$ cat model-v2.pdb   # PDB, C-alpha atoms and all ligand atoms
ATOM      1  CA  MET T  24      59.641 118.120 -13.424
ATOM      2  CA  ASP T  25      56.539 118.160 -11.246
ATOM      3  CA  GLU T  26      56.922 115.633  -8.396
ATOM      4  CA  GLN T  27      53.429 114.304  -9.064
ATOM      5  CA  MET T  28      54.299 113.434 -12.667
ATOM      6  CA  LYS T  29      57.116 111.127 -11.742
ATOM      7  CA  SER T  30      56.247 107.529 -11.081
ATOM      8  CA  TYR T  31      56.758 106.290  -7.541
ATOM      9  CA  LYS T  32      59.251 103.484  -7.068
ATOM     10  CA  SER T  33      59.258 100.916  -4.292
ATOM     11  CA  GLY T  34      60.447  97.449  -3.443
ATOM     12  CA  PHE T  35      62.383  95.046  -1.256
ATOM     13  CA  VAL T  36      66.162  94.980  -1.145
ATOM     14  CA  ALA T  37      67.759  91.949   0.543
ATOM     15  CA  LEU T  38      71.095  92.579   2.257
ATOM     16  CA  VAL T  39      72.848  89.202   2.357
ATOM     17  CA  GLY T  40      76.334  87.805   2.899
ATOM     18  CA  LYS T  41      78.459  85.835   5.321
ATOM     19  CA  PRO T  42      78.568  86.971   8.993
ATOM     20  CA  ASN T  43      80.351  90.167  10.044
ATOM     21  CA  VAL T  44      80.694  91.832   6.617
ATOM     22  CA  GLY T  45      78.697  94.934   7.635
ATOM     23  CA  LYS T  46      75.091  94.285   6.563
ATOM     24  CA  SER T  47      73.565  95.844   9.679
ATOM     25  CA  THR T  48      76.064  98.716   9.649
ATOM     26  CA  LEU T  49      75.020  99.466   6.063
ATOM     27  CA  MET T  50      71.336  99.427   6.878
ATOM     28  CA  ASN T  51      71.827 101.768   9.834
ATOM     29  CA  TYR T  52      73.882 104.115   7.649
ATOM     30  CA  LEU T  53      71.332 104.192   4.835
ATOM     31  CA  LEU T  54      68.560 105.007   7.313
ATOM     32  CA  ARG T  55      70.784 107.459   9.217
ATOM     33  CA  GLN T  56      69.452 105.836  12.369
ATOM     34  CA  LYS T  57      70.572 102.965  14.510
ATOM     35  CA  ILE T  58      67.864 100.339  14.405
ATOM     36  CA  ALA T  59      69.954  97.177  14.000
ATOM     37  CA  ALA T  60      72.456  95.699  16.452
ATOM     38  CA  VAL T  61      76.058  95.759  15.244
ATOM     39  CA  SER T  62      79.142  94.124  16.745
ATOM     40  CA  PRO T  63      82.683  93.123  15.810
ATOM     41  CA  LYS T  64      81.690  89.491  16.379
ATOM     42  CA  PRO T  65      80.002  87.256  13.793
ATOM     43  CA  GLN T  66      76.335  86.178  14.004
ATOM     44  CA  THR T  67      75.089  89.348  15.626
ATOM     45  CA  THR T  68      71.862  89.508  13.616
ATOM     46  CA  ARG T  69      69.554  86.596  14.359
ATOM     47  CA  LYS T  70      66.335  87.588  12.577
ATOM     48  CA  ARG T  71      65.485  89.400   9.401
ATOM     49  CA  GLN T  72      64.777  93.042  10.166
ATOM     50  CA  LEU T  73      63.338  95.655   7.836
ATOM     51  CA  GLY T  74      64.746  99.146   7.431
ATOM     52  CA  ILE T  75      62.302 101.360   5.539
ATOM     53  CA  LEU T  76      63.595 104.408   3.675
ATOM     54  CA  THR T  77      60.784 106.629   2.407
ATOM     55  CA  THR T  78      61.051 109.807   0.308
ATOM     56  CA  GLN T  79      58.779 111.757  -2.068
ATOM     57  CA  SER T  80      59.860 109.595  -4.978
ATOM     58  CA  TYR T  81      60.665 106.161  -3.584
ATOM     59  CA  GLN T  82      60.320 103.702  -0.731
ATOM     60  CA  VAL T  83      63.189 101.255  -0.383
ATOM     61  CA  ILE T  84      62.535  98.424   2.073
ATOM     62  CA  PHE T  85      65.891  96.992   3.131
ATOM     63  CA  GLU T  86      65.943  93.506   4.632
ATOM     64  CA  ASP T  87      68.881  93.049   6.966
ATOM     65  CA  THR T  88      69.481  89.311   7.365
ATOM     66  CA  PRO T  89      71.536  86.957   9.555
ATOM     67  CA  GLY T  90      74.945  86.046   8.152
ATOM     68  CA  ILE T  91      74.930  82.907   6.008
ATOM     69  CA  HIS T  92      77.179  80.274   7.619
ATOM     70  CA  LYS T  93      77.439  76.551   8.292
ATOM     71  CA  PRO T  94      75.065  76.135  11.243
ATOM     72  CA  LEU T  95      76.060  74.187  14.364
ATOM     73  CA  TYR T  96      72.717  74.513  16.145
ATOM     74  CA  LYS T  97      69.038  74.675  15.345
ATOM     75  CA  LEU T  98      69.258  78.412  16.042
ATOM     76  CA  GLY T  99      71.832  78.698  13.248
ATOM     77  CA  GLU T 100      69.688  76.646  10.879
ATOM     78  CA  TYR T 101      66.823  79.021  11.554
ATOM     79  CA  MET T 102      69.061  82.050  10.962
ATOM     80  CA  VAL T 103      70.437  80.803   7.650
ATOM     81  CA  GLN T 104      66.998  79.795   6.401
ATOM     82  CA  ASP T 105      65.651  83.231   7.361
ATOM     83  CA  ALA T 106      68.381  84.846   5.262
ATOM     84  CA  LEU T 107      67.897  82.546   2.271
ATOM     85  CA  ASN T 108      64.137  83.131   2.312
ATOM     86  CA  THR T 109      64.606  86.813   1.532
ATOM     87  CA  ILE T 110      66.582  86.279  -1.672
ATOM     88  CA  SER T 111      64.093  84.956  -4.210
ATOM     89  CA  ASP T 112      61.311  87.395  -3.295
ATOM     90  CA  ALA T 113      63.497  90.501  -3.324
ATOM     91  CA  ASP T 114      63.436  93.087  -6.118
ATOM     92  CA  VAL T 115      67.161  93.656  -5.728
ATOM     93  CA  VAL T 116      69.766  91.641  -3.827
ATOM     94  CA  VAL T 117      72.799  93.343  -2.314
ATOM     95  CA  TRP T 118      75.508  90.761  -1.681
ATOM     96  CA  LEU T 119      77.938  92.218   0.848
ATOM     97  CA  VAL T 120      81.505  90.986   1.088
ATOM     98  CA  ASP T 121      84.526  92.108   3.091
ATOM     99  CA  ALA T 122      86.715  93.612   0.374
ATOM    100  CA  SER T 123      89.689  93.843   2.727
ATOM    101  CA  GLN T 124      89.907  90.041   2.663
ATOM    102  CA  GLU T 125      90.018  87.606  -0.215
ATOM    103  CA  PRO T 126      86.978  85.368  -0.669
ATOM    104  CA  ASN T 127      86.900  82.388   1.692
ATOM    105  CA  GLU T 128      84.836  79.228   1.957
ATOM    106  CA  GLU T 129      81.863  81.071   3.419
ATOM    107  CA  ASP T 130      81.794  83.527   0.514
ATOM    108  CA  LEU T 131      81.891  80.583  -1.882
ATOM    109  CA  MET T 132      78.939  79.082  -0.022
ATOM    110  CA  VAL T 133      76.948  82.314  -0.307
ATOM    111  CA  ALA T 134      77.775  82.544  -4.030
ATOM    112  CA  GLU T 135      76.654  78.950  -4.476
ATOM    113  CA  LYS T 136      73.358  79.676  -2.743
ATOM    114  CA  LEU T 137      72.801  82.753  -4.923
ATOM    115  CA  ASN T 138      73.669  80.842  -8.082
ATOM    116  CA  SER T 139      71.185  78.129  -7.203
ATOM    117  CA  VAL T 140      68.209  80.513  -6.858
ATOM    118  CA  GLU T 141      65.774  80.187  -9.739
ATOM    119  CA  ASP T 142      64.993  83.580 -11.313
ATOM    120  CA  LEU T 143      67.611  85.307  -9.180
ATOM    121  CA  PRO T 144      66.748  89.037  -8.891
ATOM    122  CA  PRO T 145      69.396  91.565 -10.023
ATOM    123  CA  VAL T 146      72.398  91.402  -7.683
ATOM    124  CA  LEU T 147      74.725  94.225  -6.634
ATOM    125  CA  LEU T 148      78.089  93.115  -5.289
ATOM    126  CA  ALA T 149      78.878  95.497  -2.426
ATOM    127  CA  LEU T 150      82.629  95.355  -1.775
ATOM    128  CA  ASN T 151      82.432  96.694   1.768
ATOM    129  CA  LYS T 152      85.184  97.759   4.195
ATOM    130  CA  ALA T 153      86.968  99.405   1.266
ATOM    131  CA  ASP T 154      88.542 101.720   3.866
ATOM    132  CA  LEU T 155      90.592  98.736   5.090
ATOM    133  CA  LEU T 156      91.717  97.582   1.633
ATOM    134  CA  ASP T 157      95.457  98.057   1.200
ATOM    135  CA  GLN T 158      95.952  96.698  -2.302
ATOM    136  CA  SER T 159      94.642  97.226  -5.812
ATOM    137  CA  ARG T 160      90.860  97.396  -6.062
ATOM    138  CA  ASP T 161      90.854  95.721  -9.471
ATOM    139  CA  GLN T 162      92.333  92.475  -8.271
ATOM    140  CA  ARG T 163      90.010  92.184  -5.280
ATOM    141  CA  GLN T 164      87.014  93.045  -7.422
ATOM    142  CA  ALA T 165      87.949  90.345  -9.931
ATOM    143  CA  GLU T 166      88.262  87.691  -7.204
ATOM    144  CA  TYR T 167      84.719  88.311  -6.001
ATOM    145  CA  ALA T 168      83.167  89.072  -9.394
ATOM    146  CA  ASP T 169      84.350  85.668 -10.597
ATOM    147  CA  LEU T 170      81.961  84.042  -8.144
ATOM    148  CA  LEU T 171      78.881  85.765  -9.608
ATOM    149  CA  PRO T 172      79.753  87.466 -12.897
ATOM    150  CA  GLN T 173      76.323  89.044 -13.471
ATOM    151  CA  ALA T 174      76.527  91.033 -10.207
ATOM    152  CA  LYS T 175      77.362  94.731 -10.529
ATOM    153  CA  PRO T 176      80.371  95.554  -8.303
ATOM    154  CA  ILE T 177      80.472  98.687  -6.117
ATOM    155  CA  PHE T 178      83.112  99.581  -3.544
ATOM    156  CA  LEU T 179      81.726 100.764  -0.247
ATOM    157  CA  SER T 180      82.502 101.702   3.321
ATOM    158  CA  ALA T 181      79.355 101.243   5.372
ATOM    159  CA  LEU T 182      81.216 102.578   8.388
ATOM    160  CA  LEU T 183      82.159 105.897   6.745
ATOM    161  CA  GLY T 184      79.292 106.008   4.260
ATOM    162  CA  ASP T 185      81.595 106.159   1.219
ATOM    163  CA  GLY T 186      79.939 104.737  -1.884
ATOM    164  CA  SER T 187      76.496 104.543  -0.313
ATOM    165  CA  ASP T 188      75.016 107.183  -2.663
ATOM    166  CA  GLN T 189      76.173 105.193  -5.665
ATOM    167  CA  LEU T 190      74.795 101.999  -4.161
ATOM    168  CA  LEU T 191      71.428 103.661  -3.578
ATOM    169  CA  ALA T 192      71.390 105.002  -7.149
ATOM    170  CA  GLU T 193      72.088 101.510  -8.534
ATOM    171  CA  ILE T 194      69.309 100.095  -6.352
ATOM    172  CA  LEU T 195      66.812 102.731  -7.523
ATOM    173  CA  GLU T 196      67.685 102.024 -11.151
ATOM    174  CA  ARG T 197      66.595  98.425 -10.608
ATOM    175  CA  LEU T 198      63.525  99.103  -8.451
ATOM    176  CA  PRO T 199      60.083  98.737 -10.068
ATOM    177  CA  GLU T 200      57.265 101.249  -9.924
ATOM    178  CA  GLY T 201      55.127 100.534  -6.921
ATOM    179  CA  PRO T 202      53.096 101.871  -3.991
ATOM    180  CA  LYS T 203      54.161 103.069  -0.580
ATOM    181  CA  TYR T 204      53.894  99.734   1.219
ATOM    182  CA  TYR T 205      54.524 101.243   4.655
ATOM    183  CA  ASP T 206      53.568 104.519   6.343
ATOM    184  CA  GLU T 207      56.292 107.052   5.838
ATOM    185  CA  ASP T 208      57.007 107.333   9.549
ATOM    186  CA  GLN T 209      57.608 103.573   9.934
ATOM    187  CA  VAL T 210      61.329 102.763   9.846
ATOM    188  CA  THR T 211      61.337  99.108  10.868
ATOM    189  CA  ASP T 212      59.051  96.147  11.468
ATOM    190  CA  LEU T 213      60.356  95.358  14.930
ATOM    191  CA  TYR T 214      58.753  96.736  18.050
ATOM    192  CA  GLU T 215      60.713  98.721  20.585
ATOM    193  CA  ARG T 216      60.863  95.730  22.896
ATOM    194  CA  ASP T 217      62.475  93.548  20.198
ATOM    195  CA  ILE T 218      65.006  96.237  19.412
ATOM    196  CA  ALA T 219      65.690  96.676  23.133
ATOM    197  CA  ALA T 220      66.372  92.907  23.363
ATOM    198  CA  ASP T 221      68.816  93.167  20.454
ATOM    199  CA  LEU T 222      70.582  96.146  22.017
ATOM    200  CA  ILE T 223      71.002  94.201  25.267
ATOM    201  CA  ARG T 224      72.475  91.310  23.251
ATOM    202  CA  GLU T 225      74.726  93.762  21.406
ATOM    203  CA  ALA T 226      76.025  95.016  24.778
ATOM    204  CA  ALA T 227      76.652  91.413  25.888
ATOM    205  CA  LEU T 228      78.569  90.776  22.643
ATOM    206  CA  GLN T 229      80.619  93.885  23.319
ATOM    207  CA  HIS T 230      81.612  93.044  26.881
ATOM    208  CA  LEU T 231      81.812  89.244  26.958
ATOM    209  CA  ARG T 232      84.277  87.027  25.182
ATOM    210  CA  GLU T 233      84.322  84.022  22.898
ATOM    211  CA  GLU T 234      81.473  81.559  23.053
ATOM    212  CA  VAL T 235      79.596  83.089  25.996
ATOM    213  CA  PRO T 236      77.757  85.977  24.274
ATOM    214  CA  HIS T 237      76.779  83.793  21.311
ATOM    215  CA  SER T 238      74.951  81.416  23.588
ATOM    216  CA  ILE T 239      72.797  84.135  25.177
ATOM    217  CA  ALA T 240      69.199  84.915  24.300
ATOM    218  CA  ILE T 241      67.330  87.919  25.641
ATOM    219  CA  ARG T 242      63.739  87.760  26.739
ATOM    220  CA  VAL T 243      62.046  91.068  27.539
ATOM    221  CA  ASP T 244      59.606  90.301  30.348
ATOM    222  CA  GLU T 245      58.251  93.811  30.886
ATOM    223  CA  TYR T 246      58.327  97.011  28.854
ATOM    224  CA  LYS T 247      56.243  99.711  30.466
ATOM    225  CA  ASP T 248      55.926 103.342  29.575
ATOM    226  CA  ARG T 249      55.863 105.620  32.564
ATOM    227  CA  GLY T 250      54.539 108.831  31.115
ATOM    228  CA  ASP T 251      55.921 110.157  27.828
ATOM    229  CA  SER T 252      59.506 110.470  28.892
ATOM    230  CA  THR T 253      60.301 107.337  30.899
ATOM    231  CA  ALA T 254      60.226 103.585  30.340
ATOM    232  CA  PHE T 255      60.782 100.615  32.640
ATOM    233  CA  ILE T 256      62.240  97.476  31.093
ATOM    234  CA  SER T 257      62.838  94.141  32.754
ATOM    235  CA  ALA T 258      64.690  91.483  30.760
ATOM    236  CA  THR T 259      66.190  88.036  31.310
ATOM    237  CA  LEU T 260      69.437  86.799  29.827
ATOM    238  CA  LEU T 261      68.963  83.109  29.052
ATOM    239  CA  LEU T 262      72.232  81.220  29.287
ATOM    240  CA  ASN T 263      73.204  77.936  27.759
ATOM    241  CA  ARG T 264      75.187  76.611  30.709
ATOM    242  CA  GLU T 265      75.376  76.880  34.467
ATOM    243  CA  SER T 266      79.098  77.666  34.219
ATOM    244  CA  HIS T 267      78.360  80.863  32.238
ATOM    245  CA  LYS T 268      76.378  82.371  35.086
ATOM    246  CA  GLY T 269      79.377  83.582  37.052
ATOM    247  CA  ILE T 270      80.974  85.096  33.945
ATOM    248  CA  VAL T 271      77.845  87.000  32.928
ATOM    249  CA  ILE T 272      77.099  88.300  36.427
ATOM    250  CA  GLY T 273      80.736  89.017  37.209
ATOM    251  CA  ARG T 274      82.401  89.760  40.503
ATOM    252  CA  GLY T 275      79.961  91.642  42.735
ATOM    253  CA  GLY T 276      77.584  91.868  39.764
ATOM    254  CA  GLU T 277      79.987  94.174  37.892
ATOM    255  CA  MET T 278      79.633  92.540  34.450
ATOM    256  CA  LEU T 279      75.861  92.512  34.466
ATOM    257  CA  LYS T 280      75.890  96.148  35.557
ATOM    258  CA  THR T 281      78.241  97.068  32.705
ATOM    259  CA  ILE T 282      76.103  95.260  30.131
ATOM    260  CA  GLY T 283      72.997  96.946  31.535
ATOM    261  CA  SER T 284      74.464 100.410  31.465
ATOM    262  CA  THR T 285      75.740 100.096  27.859
ATOM    263  CA  ALA T 286      72.364  98.749  26.729
ATOM    264  CA  ARG T 287      70.424 101.381  28.642
ATOM    265  CA  LYS T 288      72.290 104.205  26.905
ATOM    266  CA  GLU T 289      71.622 102.695  23.468
ATOM    267  CA  ILE T 290      67.921 102.204  24.241
ATOM    268  CA  GLU T 291      67.687 105.777  25.524
ATOM    269  CA  ALA T 292      69.325 107.056  22.328
ATOM    270  CA  LEU T 293      66.864 105.076  20.231
ATOM    271  CA  THR T 294      63.693 106.008  22.120
ATOM    272  CA  GLY T 295      64.577 109.460  23.401
ATOM    273  CA  ARG T 296      63.322 108.406  26.819
ATOM    274  CA  THR T 297      64.877 107.873  30.219
ATOM    275  CA  VAL T 298      65.097 104.121  30.662
ATOM    276  CA  PHE T 299      65.162 102.036  33.820
ATOM    277  CA  LEU T 300      66.616  98.687  32.863
ATOM    278  CA  GLU T 301      66.530  95.666  35.125
ATOM    279  CA  LEU T 302      68.426  92.542  34.057
ATOM    280  CA  HIS T 303      68.052  88.987  35.321
ATOM    281  CA  VAL T 304      70.013  85.858  34.490
ATOM    282  CA  LYS T 305      68.597  82.379  33.994
ATOM    283  CA  VAL T 306      70.092  79.117  32.774
ATOM    284  CA  SER T 307      68.081  77.329  30.100
ATOM    285  CA  LYS T 308      70.303  74.388  29.180
ATOM    286  CA  ASN T 309      70.952  73.919  25.487
ATOM    287  CA  TRP T 310      68.278  76.420  24.455
ATOM    288  CA  ARG T 311      69.887  76.815  21.017
ATOM    289  CA  ASN T 312      68.742  73.305  20.142
ATOM    290  CA  ASP T 313      65.408  73.376  21.956
ATOM    291  CA  PRO T 314      62.577  73.939  19.446
ATOM    292  CA  SER T 315      60.110  75.128  22.098
ATOM    293  CA  VAL T 316      62.464  77.690  23.599
ATOM    294  CA  LEU T 317      63.447  78.834  20.091
ATOM    295  CA  ARG T 318      59.799  79.238  19.218
ATOM    296  CA  SER T 319      59.076  81.170  22.412
ATOM    297  CA  LEU T 320      61.846  83.582  21.412
ATOM    298  CA  GLY T 321      60.279  84.081  18.004
ATOM    299  CA  TYR T 322      62.707  81.944  16.018
ATOM    300  CA  THR T 323      60.593  79.830  13.706
ATOM    301  CA  THR T 324      61.490  78.616  10.266
ATOM    302  CA  ARG T 325      59.105  79.692   7.551
ATOM    303  CA  LYS T 326      59.982  77.574   4.560
TER     304      LYS T 326
HETATM  305  N1  LIG W   1      86.438  99.326   8.787
HETATM  306  C1  LIG W   1      85.175  99.028   8.535
HETATM  307  N2  LIG W   1      84.457  98.303   9.419
HETATM  308  C2  LIG W   1      83.176  98.021   9.122
HETATM  309  C3  LIG W   1      82.559  98.451   7.927
HETATM  310  N3  LIG W   1      81.288  98.011   7.934
HETATM  311  C4  LIG W   1      81.118  97.331   9.081
HETATM  312  N4  LIG W   1      82.243  97.323   9.809
HETATM  313  C5  LIG W   1      82.474  96.684  11.115
HETATM  314  O1  LIG W   1      82.335  95.278  10.958
HETATM  315  C6  LIG W   1      81.766  94.689  12.138
HETATM  316  C7  LIG W   1      80.539  93.875  11.756
HETATM  317  O2  LIG W   1      79.502  94.747  11.353
HETATM  318  P1  LIG W   1      77.967  94.280  11.332
HETATM  319  O3  LIG W   1      77.200  95.375  10.679
HETATM  320  O4  LIG W   1      77.541  93.821  12.683
HETATM  321  O5  LIG W   1      78.067  93.019  10.343
HETATM  322  P2  LIG W   1      76.892  92.039   9.853
HETATM  323  O6  LIG W   1      77.195  91.662   8.451
HETATM  324  O7  LIG W   1      75.569  92.645  10.116
HETATM  325  O8  LIG W   1      77.150  90.779  10.814
HETATM  326  P3  LIG W   1      76.121  89.589  11.237
HETATM  327  O9  LIG W   1      74.856  90.218  11.743
HETATM  328  O10 LIG W   1      76.870  88.881  12.310
HETATM  329  O11 LIG W   1      75.919  88.740  10.027
HETATM  330  C8  LIG W   1      81.475  95.837  13.090
HETATM  331  O12 LIG W   1      82.552  95.932  14.002
HETATM  332  C9  LIG W   1      81.424  97.053  12.167
HETATM  333  O13 LIG W   1      81.778  98.260  12.814
HETATM  334  C10 LIG W   1      83.350  99.231   7.003
HETATM  335  O14 LIG W   1      82.915  99.661   5.935
HETATM  336  N5  LIG W   1      84.638  99.467   7.364
HETATM  337 MG    MG W   2      73.994  92.007  11.282
END
$ encode --input "model-v2.pdb" --output "structure tokens"
Amino acid sequence: MDEQMKSYKSGFVALVGKPNVGKSTLMNYLLRQKIAAVSPKPQTTRKRQLGILTTQSYQVIFEDTPGIHKPLYKLGEYMVQDALNTISDADVVVWLVDASQEPNEEDLMVAEKLNSVEDLPPVLLALNKADLLDQSRDQRQAEYADLLPQAKPIFLSALLGDGSDQLLAEILERLPEGPKYYDEDQVTDLYERDIAADLIREAALQHLREEVPHSIAIRVDEYKDRGDSTAFISATLLLNRESHKGIVIGRGGEMLKTIGSTARKEIEALTGRTVFLELHVKVSKNWRNDPSVLRSLGYTTRK
């Protein structure tokens, strides 16, 4: 059939679920490009981020969201609200779960939230991390499907890409006809400096342990292009507590150097430029509960 004769499809697809189930990994895989920070630790994503997939026949706008959890801080409240806000306005909702584990309290909470949405859009139940599942698929599927019977179940490995074609096909089946909302060369709604901040935070999550990396915020103070092939970035790691300073800087500055070098490589891979990255450390006590600091970092609740 002539391409022009086919109707163009487009719409918003919310990727939601509890923390650490692979939402950002899935979005990066579907776009075949790393735009979202990923880590083995929960609560990596802090803000909704779009991933825009454009072809001749469709434009799928994925919305990667923070993991839905019981918040301990204002930051967490913001994150959960940001995730919940995407659900009712989406054309399709993809609820990701970790299929290698049975449903826990957090999954029940997500299911409850979904069930309480008026006019809930069609939901696909993405049973992710299928590569780690060591028992019968049927039983695991039934445990999750029970929580939201109208959701269509699909097994998936976002890490390996298995099942992603089927997922995309199921999404397209449910997507309405619509325009190209975004230019075809736009892949996300974040600017390079926001993504750079997330990649620095991802590096901190990778190298630091326990509570410390979760209580860090990144502020990019300078992002300057030097010609077409080089960029200079200066960023500050805001810490929650004085006692974290030594841990983040490390002996002889080793830790900060390690974080910087991991982040620099990721930013270079993303931008294709040589990057000079300068990191500073500052204590901003209790910033996770400070509305003004949260606002200055771009965390505001739109209700
Ligand atoms: N084995 C396996 N690991 C996966 C799969 N998908 C994601 N992961 C891993 O799970 C961890 C969490 O992945 P993320 O993509 O950061 O998870 P998320 O749902 O975005 O997490 P939050 O942003 O914290 O809500 C990372 O270590 C990923 O490599 C998968 O299909 N199989
Ligand atoms: Mg994420």
$ residues_near_ligand --input "model-v2.pdb" --ligand "ligand LIG 1 (chain W)" --cutoff "10 Å" --atoms "only C-alpha atoms and all ligand atoms" --output "MDAnalysis selection string"
chainID T and resid 38:52 59:71 87:92 102:103 106 119:123 150:156 178:186 225 229
$ residues_around --input "model-v2.pdb" --residues "Ile75 of chain T" --least-positions-apart "4" --cutoff "12 Å" --atoms "all atoms listed in the file" --output "count of residues only"
30
$ residues_around --input "model-v2.pdb" --residues "Arg242 of chain T" --least-positions-apart "6" --cutoff "12 Å" --atoms "only C-alpha atoms" --output "list in words"
Arg216, Asp217, Ile218, Ala219, Ala220, Asp221, Leu222, Ile223, Arg224, Ile256, Ser257, Ala258, Thr259, Leu260, Leu261, Leu262, Glu301, Leu302, His303, Val304, Lys305, Ser307, Val316, Leu317, Ser319, Leu320 and Gly321 of chain T
$ residues_around --input "model-v2.pdb" --residues "Ala226 of chain T" --least-positions-apart "5" --cutoff "9 Å" --atoms "all atoms listed in the file" --output "list in words"
Ser62, Asp221, Leu231, Thr281, Ile282, Gly283, Ser284, Thr285, Ala286 and Glu289 of chain T
$ closest_residue --input "model-v2.pdb" --among "T:Glu125, T:Gly269, T:Val115, T:Asn309" --to "Asp157 of chain T" --atoms "all atoms listed in the file"
T:Glu125
$ atom_distance --input "model-v2.pdb" --atom1 "atom CA of Ala227 of chain T" --atom2 "atom CA of Ile239 of chain T"
8.3 Å
$ atom_distance --input "model-v2.pdb" --atom1 "atom CA of Gly74 of chain T" --atom2 "atom CA of Leu293 of chain T"
14.3 Å
$ resolve_selection --input "model-v2.pdb" --expression "the PyMOL selection byres (((chain T and resi 135-148) around 7) and not hetatm)" --output "ChimeraX atom specification"
/T:111,113-119,131-134,149-150,174-177
$ atom_distance --input "model-v2.pdb" --atom1 "atom CA of Asp130 of chain T" --atom2 "atom CA of Gln104 of chain T"
16.4 Å
$ closest_residue --input "model-v2.pdb" --among "T:Ile194, T:Glu129, T:Tyr214, T:Glu166" --to "Gln72 of chain T" --atoms "all atoms listed in the file"
T:Tyr214
$ residues_around --input "model-v2.pdb" --residues "Ile270 of chain T" --least-positions-apart "5" --cutoff "12 Å" --atoms "all atoms listed in the file" --output "MDAnalysis selection string"
chainID T and resid 227 230:236 262 264:265 275:279 282 304
$ closest_residue --input "model-v2.pdb" --among "T:Arg287, T:Lys57, T:Lys29, T:Lys93" --to "ligand MG 2 (chain W)" --atoms "all atoms listed in the file"
T:Lys57
$ axis_aligned_box --input "model-v2.pdb" --around "segment 170-183 of chain T" --padding-each-side "4 Å" --output "lines of an AutoDock Vina configuration file"
center_x = 79.7
center_y = 95.0
center_z = -2.5
size_x = 14.8
size_y = 29.9
size_z = 29.9
$ closest_residue --input "model-v2.pdb" --among "T:Pro202, T:Lys268, T:Arg311, T:Leu73" --to "ligand MG 2 (chain W)" --atoms "only C-alpha atoms and all ligand atoms"
T:Leu73
$ resolve_selection --input "model-v2.pdb" --expression "the PyMOL selection byres (((chain T and resi 298) around 8) and not hetatm)" --output "list in words"
Thr253, Ala254, Phe255, Ile256, Arg287, Ile290, Glu291, Arg296, Thr297, Phe299 and Leu300 of chain T
$ build_atoms --input "model-v2.pdb" --residues "segment 314-324 of chain T" --atoms "N, CA, C and O atoms" --output "tab-separated table (two decimals), in the frame of the given file"
chain	number	residue	atom	x	y	z
T	314	PRO	N	63.57	73.32	20.34
T	314	PRO	CA	62.58	73.94	19.45
T	314	PRO	C	61.55	74.79	20.19
T	314	PRO	O	61.15	75.84	19.68
T	315	SER	N	61.14	74.36	21.39
T	315	SER	CA	60.11	75.13	22.10
T	315	SER	C	60.66	76.46	22.58
T	315	SER	O	60.00	77.50	22.46
T	316	VAL	N	61.87	76.43	23.14
T	316	VAL	CA	62.46	77.69	23.60
T	316	VAL	C	62.69	78.59	22.39
T	316	VAL	O	62.39	79.79	22.43
T	317	LEU	N	63.21	78.03	21.30
T	317	LEU	CA	63.45	78.83	20.09
T	317	LEU	C	62.15	79.49	19.64
T	317	LEU	O	62.11	80.67	19.31
T	318	ARG	N	61.08	78.70	19.65
T	318	ARG	CA	59.80	79.24	19.22
T	318	ARG	C	59.34	80.35	20.15
T	318	ARG	O	58.83	81.38	19.71
T	319	SER	N	59.53	80.15	21.45
T	319	SER	CA	59.08	81.17	22.41
T	319	SER	C	59.85	82.47	22.24
T	319	SER	O	59.39	83.54	22.62
T	320	LEU	N	61.04	82.38	21.66
T	320	LEU	CA	61.85	83.58	21.41
T	320	LEU	C	61.58	84.16	20.03
T	320	LEU	O	62.22	85.11	19.60
T	321	GLY	N	60.64	83.54	19.32
T	321	GLY	CA	60.28	84.08	18.00
T	321	GLY	C	61.12	83.56	16.86
T	321	GLY	O	61.05	84.06	15.74
T	322	TYR	N	61.94	82.54	17.11
T	322	TYR	CA	62.71	81.94	16.02
T	322	TYR	C	61.93	80.75	15.47
T	322	TYR	O	61.91	79.69	16.07
T	323	THR	N	61.28	80.95	14.35
T	323	THR	CA	60.59	79.83	13.71
T	323	THR	C	60.93	79.85	12.23
T	323	THR	O	61.05	80.91	11.63
T	324	THR	N	61.11	78.68	11.68
T	324	THR	CA	61.49	78.62	10.27
T	324	THR	C	60.25	78.65	9.40
T	324	THR	O	59.39	77.79	9.52
